[in-house]
>>> print(open('run-v5.csv').read())   # CSV, C-alpha atoms and all ligand atoms
chain,number,residue,atom,x,y,z
A,1,GLU,CA,83.4,98.3,79.2
A,2,TRP,CA,84.1,98.6,82.9
A,3,PRO,CA,81.6,97.4,85.5
A,4,LYS,CA,79.7,100.3,87.1
A,5,LYS,CA,79.7,98.8,90.6
A,6,VAL,CA,82.2,96.7,92.5
A,7,THR,CA,82.6,95.2,96.0
A,8,ILE,CA,85.7,95.8,97.9
A,9,LYS,CA,86.4,93.2,100.6
A,10,GLU,CA,88.7,94.6,103.3
A,11,VAL,CA,91.0,91.9,104.5
A,12,GLY,CA,93.4,94.1,106.4
A,13,PRO,CA,92.4,93.0,109.9
A,14,ARG,CA,93.2,89.4,108.9
A,15,ASP,CA,95.7,89.3,106.0
A,16,GLY,CA,97.2,92.6,107.0
A,17,LEU,CA,97.7,92.0,110.7
A,18,GLN,CA,98.6,88.2,110.5
A,19,ASN,CA,102.1,89.0,109.5
A,20,GLU,CA,102.9,91.8,111.9
A,21,LYS,CA,105.6,90.9,114.4
A,22,GLU,CA,104.4,93.4,117.0
A,23,VAL,CA,101.0,92.1,118.0
A,24,ILE,CA,98.4,94.9,117.9
A,25,PRO,CA,96.4,94.9,121.1
A,26,SER,CA,92.8,93.6,120.7
A,27,GLY,CA,91.3,96.9,121.8
A,28,ASP,CA,93.1,98.7,118.9
A,29,LYS,CA,92.0,96.0,116.4
A,30,ILE,CA,88.4,96.4,117.6
A,31,ALA,CA,88.6,100.2,117.4
A,32,TRP,CA,90.0,99.9,113.9
A,33,ILE,CA,87.3,97.5,112.7
A,34,ASN,CA,84.7,99.7,114.2
A,35,GLN,CA,86.1,102.6,112.2
A,36,LEU,CA,86.2,100.5,109.0
A,37,SER,CA,82.6,99.5,109.6
A,38,LYS,CA,81.6,103.2,109.2
A,39,THR,CA,83.5,103.8,105.9
A,40,GLY,CA,80.9,102.3,103.7
A,41,LEU,CA,82.8,99.0,103.3
A,42,ASN,CA,80.2,96.2,103.4
A,43,TYR,CA,82.6,93.3,104.0
A,44,ILE,CA,85.4,93.0,106.5
A,45,GLU,CA,87.5,89.9,107.2
A,46,ILE,CA,88.3,90.4,110.8
A,47,SER,CA,90.5,87.5,111.9
A,48,SER,CA,91.3,83.8,111.7
A,49,PHE,CA,90.3,80.9,113.9
A,50,VAL,CA,93.5,79.0,113.2
A,51,ASN,CA,96.1,77.5,115.6
A,52,PRO,CA,97.5,80.5,117.5
A,53,LYS,CA,100.9,78.8,117.5
A,54,TRP,CA,100.9,79.2,113.7
A,55,ILE,CA,99.5,82.8,113.7
A,56,PRO,CA,100.2,84.4,117.0
A,57,ALA,CA,99.1,87.8,115.8
A,58,LEU,CA,95.5,86.6,115.4
A,59,ALA,CA,95.3,84.6,118.6
A,60,ASP,CA,92.6,87.0,119.9
A,61,ALA,CA,90.1,86.2,117.1
A,62,PHE,CA,87.3,85.4,119.5
A,63,GLU,CA,87.8,88.6,121.6
A,64,VAL,CA,87.9,90.6,118.4
A,65,ALA,CA,84.8,89.0,116.9
A,66,THR,CA,82.8,89.4,120.0
A,67,GLY,CA,84.2,92.8,120.9
A,68,ILE,CA,83.3,94.8,117.7
A,69,GLU,CA,80.1,96.7,117.2
A,70,ARG,CA,78.4,95.1,114.3
A,71,GLN,CA,77.2,97.5,111.7
A,72,GLU,CA,74.1,96.6,109.8
A,73,GLY,CA,74.8,95.8,106.2
A,74,VAL,CA,78.4,94.8,106.9
A,75,THR,CA,79.4,91.1,106.6
A,76,TYR,CA,82.1,90.1,109.2
A,77,ALA,CA,84.1,87.2,108.0
A,78,ALA,CA,86.9,85.1,109.3
A,79,LEU,CA,89.2,82.3,108.1
A,80,VAL,CA,88.5,78.8,109.4
A,81,PRO,CA,90.8,75.9,108.6
A,82,ASN,CA,88.9,73.0,110.3
A,83,LYS,CA,86.1,71.9,112.5
A,84,ARG,CA,87.8,73.1,115.6
A,85,GLY,CA,88.1,76.6,114.1
A,86,LEU,CA,84.5,76.5,113.0
A,87,GLU,CA,83.2,75.8,116.4
A,88,LYS,CA,84.9,78.9,117.8
A,89,ALA,CA,83.8,81.0,114.8
A,90,LEU,CA,80.2,80.0,115.3
A,91,GLU,CA,80.4,80.6,119.0
A,92,ALA,CA,81.6,84.1,118.1
A,93,ASN,CA,78.7,84.4,115.6
A,94,ILE,CA,80.8,85.2,112.6
A,95,ASP,CA,78.7,86.1,109.5
A,96,GLU,CA,80.7,84.3,106.9
A,97,VAL,CA,83.2,81.5,107.0
A,98,SER,CA,86.3,81.6,104.7
A,99,ILE,CA,88.0,78.3,104.0
A,100,PHE,CA,91.4,78.3,102.3
A,101,MET,CA,93.8,76.0,100.6
A,102,SER,CA,96.6,76.2,97.9
A,103,ALA,CA,96.9,75.3,94.3
A,104,THR,CA,100.3,73.7,95.0
A,105,GLU,CA,101.2,70.8,97.3
A,106,SER,CA,104.2,72.4,98.9
A,107,HIS,CA,102.4,75.7,99.8
A,108,ASN,CA,99.4,73.8,101.0
A,109,LYS,CA,101.6,71.6,103.2
A,110,SER,CA,103.5,74.6,104.7
A,111,ASN,CA,100.4,76.6,105.3
A,112,ILE,CA,97.9,74.0,106.6
A,113,ASN,CA,100.0,70.9,107.1
A,114,LYS,CA,98.2,68.7,104.7
A,115,THR,CA,98.3,67.5,101.1
A,116,ILE,CA,95.7,68.9,98.7
A,117,ASP,CA,93.6,65.7,98.8
A,118,GLU,CA,93.8,65.4,102.6
A,119,THR,CA,92.5,69.0,102.8
A,120,PHE,CA,89.2,68.3,100.9
A,121,PRO,CA,87.4,66.2,103.5
A,122,VAL,CA,88.5,68.6,106.3
A,123,LEU,CA,87.0,71.6,104.4
A,124,LYS,CA,83.9,69.7,103.4
A,125,GLU,CA,83.1,69.1,107.0
A,126,VAL,CA,83.5,72.8,107.7
A,127,VAL,CA,81.3,73.8,104.8
A,128,ASP,CA,78.6,71.3,105.7
A,129,GLU,CA,78.4,72.5,109.3
A,130,ALA,CA,78.7,76.2,108.4
A,131,LEU,CA,75.8,75.9,105.9
A,132,THR,CA,73.8,74.0,108.4
A,133,ALA,CA,74.3,76.8,110.8
A,134,ASN,CA,73.0,79.2,108.1
A,135,LYS,CA,76.4,80.8,107.5
A,136,SER,CA,77.6,81.6,104.0
A,137,VAL,CA,81.0,80.2,103.0
A,138,ARG,CA,83.7,81.8,100.9
A,139,GLY,CA,86.7,79.8,99.5
A,140,TYR,CA,90.2,80.9,98.8
A,141,ILE,CA,92.8,79.3,96.6
A,142,SER,CA,96.3,80.5,97.2
A,143,THR,CA,99.3,80.4,94.9
A,144,VAL,CA,97.0,80.6,91.8
A,145,PHE,CA,99.6,82.6,89.8
A,146,GLY,CA,102.8,81.4,91.3
A,147,CYS,CA,104.2,79.4,94.3
A,148,PRO,CA,107.2,80.3,96.4
A,149,TYR,CA,108.4,76.7,96.4
A,150,GLU,CA,107.3,75.4,93.0
A,151,GLY,CA,107.4,78.4,90.8
A,152,SER,CA,104.8,78.3,88.0
A,153,VAL,CA,101.4,76.8,88.7
A,154,ASP,CA,99.4,74.5,86.6
A,155,VAL,CA,95.9,76.0,85.9
A,156,GLU,CA,94.5,72.5,85.9
A,157,SER,CA,95.2,72.3,89.6
A,158,VAL,CA,93.3,75.6,90.1
A,159,ILE,CA,90.3,74.2,88.1
A,160,ARG,CA,90.2,71.0,90.0
A,161,ILE,CA,90.3,72.7,93.4
A,162,SER,CA,87.7,75.3,92.3
A,163,GLU,CA,85.3,72.6,91.2
A,164,ASN,CA,85.7,70.7,94.4
A,165,LEU,CA,85.1,73.9,96.5
A,166,PHE,CA,82.0,74.9,94.5
A,167,GLU,CA,80.7,71.4,94.7
A,168,MET,CA,81.0,71.6,98.5
A,169,GLY,CA,78.8,74.7,98.5
A,170,ILE,CA,80.9,77.8,98.7
A,171,GLY,CA,79.2,80.9,97.4
A,172,GLU,CA,82.2,82.6,96.1
A,173,LEU,CA,85.8,81.8,95.3
A,174,SER,CA,88.7,84.2,95.8
A,175,LEU,CA,91.8,83.6,93.6
A,176,GLY,CA,95.0,84.5,95.5
A,177,ASP,CA,98.2,85.8,94.1
A,178,THR,CA,99.8,85.0,97.4
A,179,ILE,CA,103.3,86.2,96.6
A,180,GLY,CA,102.4,88.9,94.2
A,181,VAL,CA,104.0,87.5,91.0
A,182,ALA,CA,101.1,87.7,88.6
A,183,ASN,CA,101.1,89.9,85.5
A,184,PRO,CA,98.0,91.1,83.5
A,185,LYS,CA,98.5,88.7,80.6
A,186,GLN,CA,98.6,85.8,83.0
A,187,VAL,CA,95.5,87.0,84.9
A,188,GLN,CA,93.7,87.2,81.6
A,189,GLU,CA,94.7,83.7,80.6
A,190,VAL,CA,93.7,82.2,83.9
A,191,LEU,CA,90.4,84.1,84.0
A,192,GLU,CA,89.6,83.1,80.5
A,193,VAL,CA,89.8,79.4,81.5
A,194,LEU,CA,87.9,79.9,84.8
A,195,LEU,CA,85.2,82.0,83.3
A,196,LYS,CA,84.3,79.2,81.0
A,197,ARG,CA,83.3,77.2,84.1
A,198,PHE,CA,82.2,79.7,86.7
A,199,PRO,CA,80.2,82.9,86.5
A,200,ALA,CA,82.1,86.2,87.1
A,201,GLU,CA,79.9,87.1,90.0
A,202,LYS,CA,81.2,84.1,91.9
A,203,LEU,CA,84.9,85.0,91.5
A,204,ALA,CA,86.9,87.5,93.5
A,205,MET,CA,90.5,88.5,93.0
A,206,HIS,CA,93.0,88.7,95.8
A,207,PHE,CA,96.2,90.4,94.7
A,208,HIS,CA,99.3,91.0,96.7
A,209,ASP,CA,101.4,93.9,95.5
A,210,THR,CA,104.9,92.5,96.1
A,211,ARG,CA,106.1,93.4,92.7
A,212,GLY,CA,103.9,96.4,91.8
A,213,THR,CA,101.6,94.6,89.4
A,214,ALA,CA,98.4,94.4,91.5
A,215,MET,CA,96.7,97.4,90.1
A,216,ALA,CA,97.4,96.4,86.5
A,217,ASN,CA,96.0,93.0,87.4
A,218,ILE,CA,92.8,94.6,88.8
A,219,LEU,CA,92.3,96.5,85.6
A,220,VAL,CA,92.5,93.4,83.5
A,221,SER,CA,90.1,91.6,85.9
A,222,LEU,CA,87.6,94.5,85.7
A,223,ASP,CA,87.8,94.3,82.0
A,224,MET,CA,86.9,90.7,82.2
A,225,GLY,CA,83.8,91.4,84.3
A,226,ILE,CA,85.1,90.6,87.8
A,227,THR,CA,83.5,92.9,90.4
A,228,ILE,CA,84.8,91.6,93.7
A,229,PHE,CA,88.3,92.6,95.0
A,230,ASP,CA,90.1,91.8,98.2
A,231,SER,CA,92.4,94.5,99.5
A,232,SER,CA,94.0,95.7,102.7
A,233,LEU,CA,94.0,99.2,104.0
A,234,GLY,CA,97.3,100.9,103.7
A,235,GLY,CA,98.7,97.9,101.9
A,236,LEU,CA,99.3,96.0,105.2
A,237,GLY,CA,99.9,92.3,104.9
A,238,GLY,CA,101.4,89.1,103.7
A,239,CYS,CA,101.4,85.4,104.2
A,240,PRO,CA,103.7,84.1,106.9
A,241,TYR,CA,104.0,80.7,105.2
A,242,ALA,CA,104.9,82.2,101.8
A,243,PRO,CA,108.5,83.6,102.0
A,244,GLY,CA,108.7,87.0,100.4
A,245,ALA,CA,105.0,87.6,100.4
A,246,SER,CA,104.3,91.2,101.2
A,247,GLY,CA,101.2,93.3,101.5
A,248,ASN,CA,97.9,93.1,99.7
A,249,LEU,CA,97.0,95.7,97.2
A,250,ALA,CA,96.1,98.8,99.3
A,251,THR,CA,92.4,99.4,99.7
A,252,ASP,CA,93.0,103.2,99.6
A,253,ASP,CA,94.9,103.0,96.3
A,254,LEU,CA,92.2,100.7,94.8
A,255,LEU,CA,89.5,103.1,95.9
A,256,TYR,CA,91.3,106.1,94.4
A,257,MET,CA,91.4,104.4,91.0
A,258,LEU,CA,87.8,103.2,91.1
A,259,ASP,CA,86.5,106.6,92.2
A,260,GLY,CA,88.4,108.2,89.4
A,261,MET,CA,87.0,105.8,86.9
A,262,GLY,CA,83.4,106.4,88.2
A,263,ILE,CA,83.1,102.8,89.4
A,264,HIS,CA,80.9,102.8,92.5
A,265,SER,CA,82.1,100.9,95.6
A,266,GLY,CA,80.1,102.8,98.3
A,267,VAL,CA,83.3,103.5,100.3
A,268,ASN,CA,83.9,107.0,101.5
A,269,ARG,CA,87.5,108.1,100.9
A,270,GLU,CA,87.9,110.5,103.7
A,271,LYS,CA,86.6,108.1,106.3
A,272,LEU,CA,88.8,105.4,104.8
A,273,MET,CA,91.9,107.6,105.1
A,274,GLU,CA,91.1,108.3,108.7
A,275,ALA,CA,91.1,104.6,109.4
A,276,ALA,CA,94.3,104.2,107.4
A,277,LEU,CA,96.1,106.8,109.5
A,278,PHE,CA,94.7,105.2,112.7
A,279,ILE,CA,96.2,101.8,111.9
A,280,GLN,CA,99.4,103.3,110.6
A,281,GLU,CA,100.0,105.0,113.9
A,282,LYS,CA,99.3,101.7,115.8
A,283,ILE,CA,101.7,99.8,113.6
A,284,GLY,CA,104.2,102.5,114.2
A,285,ARG,CA,105.8,102.7,110.8
A,286,PRO,CA,104.9,104.2,107.4
A,287,LEU,CA,102.6,101.8,105.5
A,288,ALA,CA,103.1,101.0,101.8
A,289,SER,CA,100.0,102.6,100.2
A,290,HIS,CA,100.5,105.5,97.8
A,291,GLN,CA,97.6,107.4,99.3
A,292,LEU,CA,99.2,107.4,102.7
A,293,GLN,CA,102.6,108.4,101.3
A,294,THR,CA,100.9,111.2,99.4
A,295,LEU,CA,99.2,112.5,102.5
A,296,SER,CA,102.5,112.6,104.4
A,297,ASN,CA,104.4,114.3,101.5
A,298,CYS,CA,102.0,117.1,100.7
B,1,LIG,P1,98.1,70.9,112.5
B,1,LIG,O1,99.2,71.1,113.4
B,1,LIG,O2,98.2,70.0,111.4
B,1,LIG,O3,96.7,70.5,113.3
B,1,LIG,O4,97.6,72.3,111.9
B,1,LIG,P2,96.3,69.3,114.1
B,1,LIG,O5,94.8,69.1,113.8
B,1,LIG,O6,97.3,68.2,114.0
B,1,LIG,O7,96.4,70.0,115.6
B,1,LIG,C1,97.6,70.4,116.2
B,1,LIG,C2,97.3,71.4,117.3
B,1,LIG,O8,96.7,72.5,116.8
B,1,LIG,C3,96.4,70.9,118.4
B,1,LIG,O9,96.8,71.5,119.6
B,1,LIG,C4,95.1,71.4,118.0
B,1,LIG,O10,94.2,71.5,119.1
B,1,LIG,C5,95.5,72.8,117.5
B,1,LIG,P3,97.8,70.8,120.7
B,1,LIG,O11,97.1,69.6,121.1
B,1,LIG,O12,99.1,70.5,119.9
B,1,LIG,O13,98.0,71.9,121.7
B,1,LIG,N1,94.5,73.3,116.5
B,1,LIG,C6,93.8,74.5,116.7
B,1,LIG,N2,93.9,75.5,117.6
B,1,LIG,C7,93.1,76.5,117.4
B,1,LIG,N3,92.3,76.7,116.3
B,1,LIG,C8,92.2,75.7,115.4
B,1,LIG,C9,93.0,74.6,115.5
B,1,LIG,N4,93.2,73.5,114.8
B,1,LIG,C10,94.1,72.7,115.4
B,1,LIG,N5,91.4,75.9,114.3
B,1,LIG,C11,96.1,73.9,111.0
B,1,LIG,C12,96.6,72.5,111.0
B,1,LIG,C13,95.3,74.2,109.8
B,1,LIG,C14,95.3,74.1,112.3
B,1,LIG,C15,97.4,74.8,111.1
B,1,LIG,O14,98.2,74.5,110.0
B,1,LIG,C16,97.0,76.3,111.0
B,1,LIG,O15,96.5,76.9,111.9
B,1,LIG,N6,97.4,77.0,109.9
B,1,LIG,C17,97.0,78.3,109.7
B,1,LIG,C18,97.8,78.9,108.6
B,1,LIG,C19,97.3,80.3,108.3
B,1,LIG,O16,96.5,80.9,108.9
B,1,LIG,N7,97.9,80.9,107.2
B,1,LIG,C20,97.6,82.2,106.8
B,1,LIG,C21,96.3,82.3,106.2
B,1,LIG,S1,96.2,81.8,104.5
B,1,LIG,C22,96.7,83.2,103.6
B,1,LIG,O17,97.2,84.1,104.1
B,1,LIG,C23,96.4,83.2,102.1
B,1,LIG,C24,95.2,84.1,101.7
B,1,LIG,O18,95.4,85.4,102.1
B,1,LIG,C25,95.0,84.1,100.2
B,1,LIG,C26,96.3,84.4,99.4
B,1,LIG,O19,96.9,85.4,99.6
B,1,LIG,O20,96.7,83.5,98.6
B,1,LIG,C27,93.9,83.5,102.3
B,2,MG,MG,96.6,86.9,101.1
>>> encode(input="run-v5.csv", output="structure tokens")
Amino acid sequence: EWPKKVTIKEVGPRDGLQNEKEVIPSGDKIAWINQLSKTGLNYIEISSFVNPKWIPALADAFEVATGIERQEGVTYAALVPNKRGLEKALEANIDEVSIFMSATESHNKSNINKTIDETFPVLKEVVDEALTANKSVRGYISTVFGCPYEGSVDVESVIRISENLFEMGIGELSLGDTIGVANPKQVQEVLEVLLKRFPAEKLAMHFHDTRGTAMANILVSLDMGITIFDSSLGGLGGCPYAPGASGNLATDDLLYMLDGMGIHSGVNREKLMEAALFIQEKIGRPLASHQLQTLSNC
């Protein structure tokens, strides 16, 4: 039986825009996030407080976080890699802090310049201080289903990192298919293992749609009781430190399927498509989502 209600976490302003070569002006990002805030989405990941040399497209995280109109009932989150990022994020009064690391050594190293074990104390400090400041914390694990450098990934590594992050005090863990290689059978196998240790309400799925398997992976996850999904409007996105990573599953495509199945997300499709058309125009090329392509073909 499918869940009746799910939460869609919009990561487009962060995961979507982080990979864009042409930097979108802060004013356009703010206008887009303000639009997203009125679609019924209750969670928007707006930017990253990372080293701007690593992610130039999100160098304006502070301006964006302080420039948007906060809508009541919407959680505004941002990625934070270390204490330095946390200080800025708190100054910008972000609602939720997202920490992130990878299940594989080589991806962790290329993404955040540390080994897995070196990463734990850095993140623990972030979690401790964020919780002290009364912020909730979300954790991400990347390369859960495959790594651009190491290929297949040992689920034991995912378990070990999950346990460490929950022990630190994260409220929710998002499992990333960073390079979009997962298939439904694999998702089922990994979730079977993780659901023995952690409740479904604490797990979110973060699929990239590089090879067209994201929606099938969503369906299997729904079937296993997962109710939180990350997606990016229009299918924008990718990870700059994962060669070949392309966009996240498109929020508009996800919503179409959920609506059709009678699974409630609270998101209004018409308003969402307006926001999709807005960002597509700012990006200046057709985006990948099926819904946007359908609009322009009919
Ligand atoms: P590092 O170079 O090892 O850091 O980078 P460091 O502590 O040695 O500092 C070096 C310089 O960075 C110093 O500046 C610091 O001040 C500065 P300098 O003295 O050289 O001028 N610095 C900072 N500046 C601004 N904000 C900060 C900050 N920290 C240090 N927070 C670091 C380590 C983690 C900072 C770096 O590797 C980094 O910024 N990485 C970000 C990578 C990233 O954002 N990747 C994409 C997001 S993850 C993702 O997309 C996957 C996900 O979607 C899930 C999935 O799909 O799987 C979440
Ligand atoms: Mg991602």
>>> atom_distance(input="run-v5.csv", atom1="CA of Glu10 in chain A", atom2="CA of Ser232 in chain A")
5.4 Å
>>> closest_atom_pairs(input="run-v5.csv", of="chain A", to="ligand MG 2 (chain B)", cutoff="10 Å", atoms="all atoms listed in the file", output="tab-separated table")
residue	atom	partner	partner_atom	distance
A:Val11	CA	B:MG2	MG	8.2
A:Gly12	CA	B:MG2	MG	9.5
A:Arg14	CA	B:MG2	MG	8.9
A:Asp15	CA	B:MG2	MG	5.5
A:Gly16	CA	B:MG2	MG	8.2
A:Gln18	CA	B:MG2	MG	9.7
A:Tyr140	CA	B:MG2	MG	9.1
A:Ile141	CA	B:MG2	MG	9.6
A:Ser142	CA	B:MG2	MG	7.5
A:Thr143	CA	B:MG2	MG	9.4
A:Ser174	CA	B:MG2	MG	9.9
A:Leu175	CA	B:MG2	MG	9.5
A:Gly176	CA	B:MG2	MG	6.3
A:Asp177	CA	B:MG2	MG	7.3
A:Thr178	CA	B:MG2	MG	5.2
A:Ile179	CA	B:MG2	MG	8.1
A:Gly180	CA	B:MG2	MG	9.2
A:His206	CA	B:MG2	MG	6.7
A:Phe207	CA	B:MG2	MG	7.3
A:His208	CA	B:MG2	MG	6.6
A:Asp230	CA	B:MG2	MG	8.6
A:Ser231	CA	B:MG2	MG	8.8
A:Ser232	CA	B:MG2	MG	9.3
A:Gly237	CA	B:MG2	MG	7.4
A:Gly238	CA	B:MG2	MG	5.9
A:Cys239	CA	B:MG2	MG	5.9
A:Pro240	CA	B:MG2	MG	9.6
A:Ala242	CA	B:MG2	MG	9.6
A:Ala245	CA	B:MG2	MG	8.5
A:Ser246	CA	B:MG2	MG	8.8
A:Gly247	CA	B:MG2	MG	7.9
A:Asn248	CA	B:MG2	MG	6.5
A:Leu249	CA	B:MG2	MG	9.6
>>> atom_distance(input="run-v5.csv", atom1="CA of Asp95 in chain A", atom2="CA of Lys135 in chain A")
6.1 Å
>>> residues_around(input="run-v5.csv", residues="range 161-165 of chain A", least_positions_apart="6", cutoff="10 Å", atoms="all atoms listed in the file", output="list in words")
Ile99, Phe100, Met101, Ser102, Ala103, Ile116, Asp117, Phe120, Leu123, Lys124, Val127, Val137, Arg138, Gly139, Tyr140, Ile141, Val155, Gly171, Glu172, Leu173, Ser174, Leu175, Leu194, Arg197 and Phe198 of chain A
>>> write_last_selection(input="run-v5.csv", atoms="C-alpha atoms", output="compact mmCIF listing (two decimals), in the coordinates of the input")
# COMPACT_ATOMS: atom_id res chain seq x y z
CA ILE A 99 88.00 78.30 104.00
CA PHE A 100 91.40 78.30 102.30
CA MET A 101 93.80 76.00 100.60
CA SER A 102 96.60 76.20 97.90
CA ALA A 103 96.90 75.30 94.30
CA ILE A 116 95.70 68.90 98.70
CA ASP A 117 93.60 65.70 98.80
CA PHE A 120 89.20 68.30 100.90
CA LEU A 123 87.00 71.60 104.40
CA LYS A 124 83.90 69.70 103.40
CA VAL A 127 81.30 73.80 104.80
CA VAL A 137 81.00 80.20 103.00
CA ARG A 138 83.70 81.80 100.90
CA GLY A 139 86.70 79.80 99.50
CA TYR A 140 90.20 80.90 98.80
CA ILE A 141 92.80 79.30 96.60
CA VAL A 155 95.90 76.00 85.90
CA GLY A 171 79.20 80.90 97.40
CA GLU A 172 82.20 82.60 96.10
CA LEU A 173 85.80 81.80 95.30
CA SER A 174 88.70 84.20 95.80
CA LEU A 175 91.80 83.60 93.60
CA LEU A 194 87.90 79.90 84.80
CA ARG A 197 83.30 77.20 84.10
CA PHE A 198 82.20 79.70 86.70
>>> atom_distance(input="run-v5.csv", atom1="CA of Glu45 in chain A", atom2="CA of Ile8 in chain A")
11.2 Å
>>> closest_atom_pairs(input="run-v5.csv", of="range 104-181 of chain A", to="range 80-89 of chain A", cutoff="7 Å", atoms="all atoms listed in the file", output="tab-separated table")
residue	atom	partner	partner_atom	distance
A:Val122	CA	A:Asn82	CA	6.0
A:Leu123	CA	A:Asn82	CA	6.4
A:Glu125	CA	A:Lys83	CA	6.9
A:Val126	CA	A:Lys83	CA	5.5
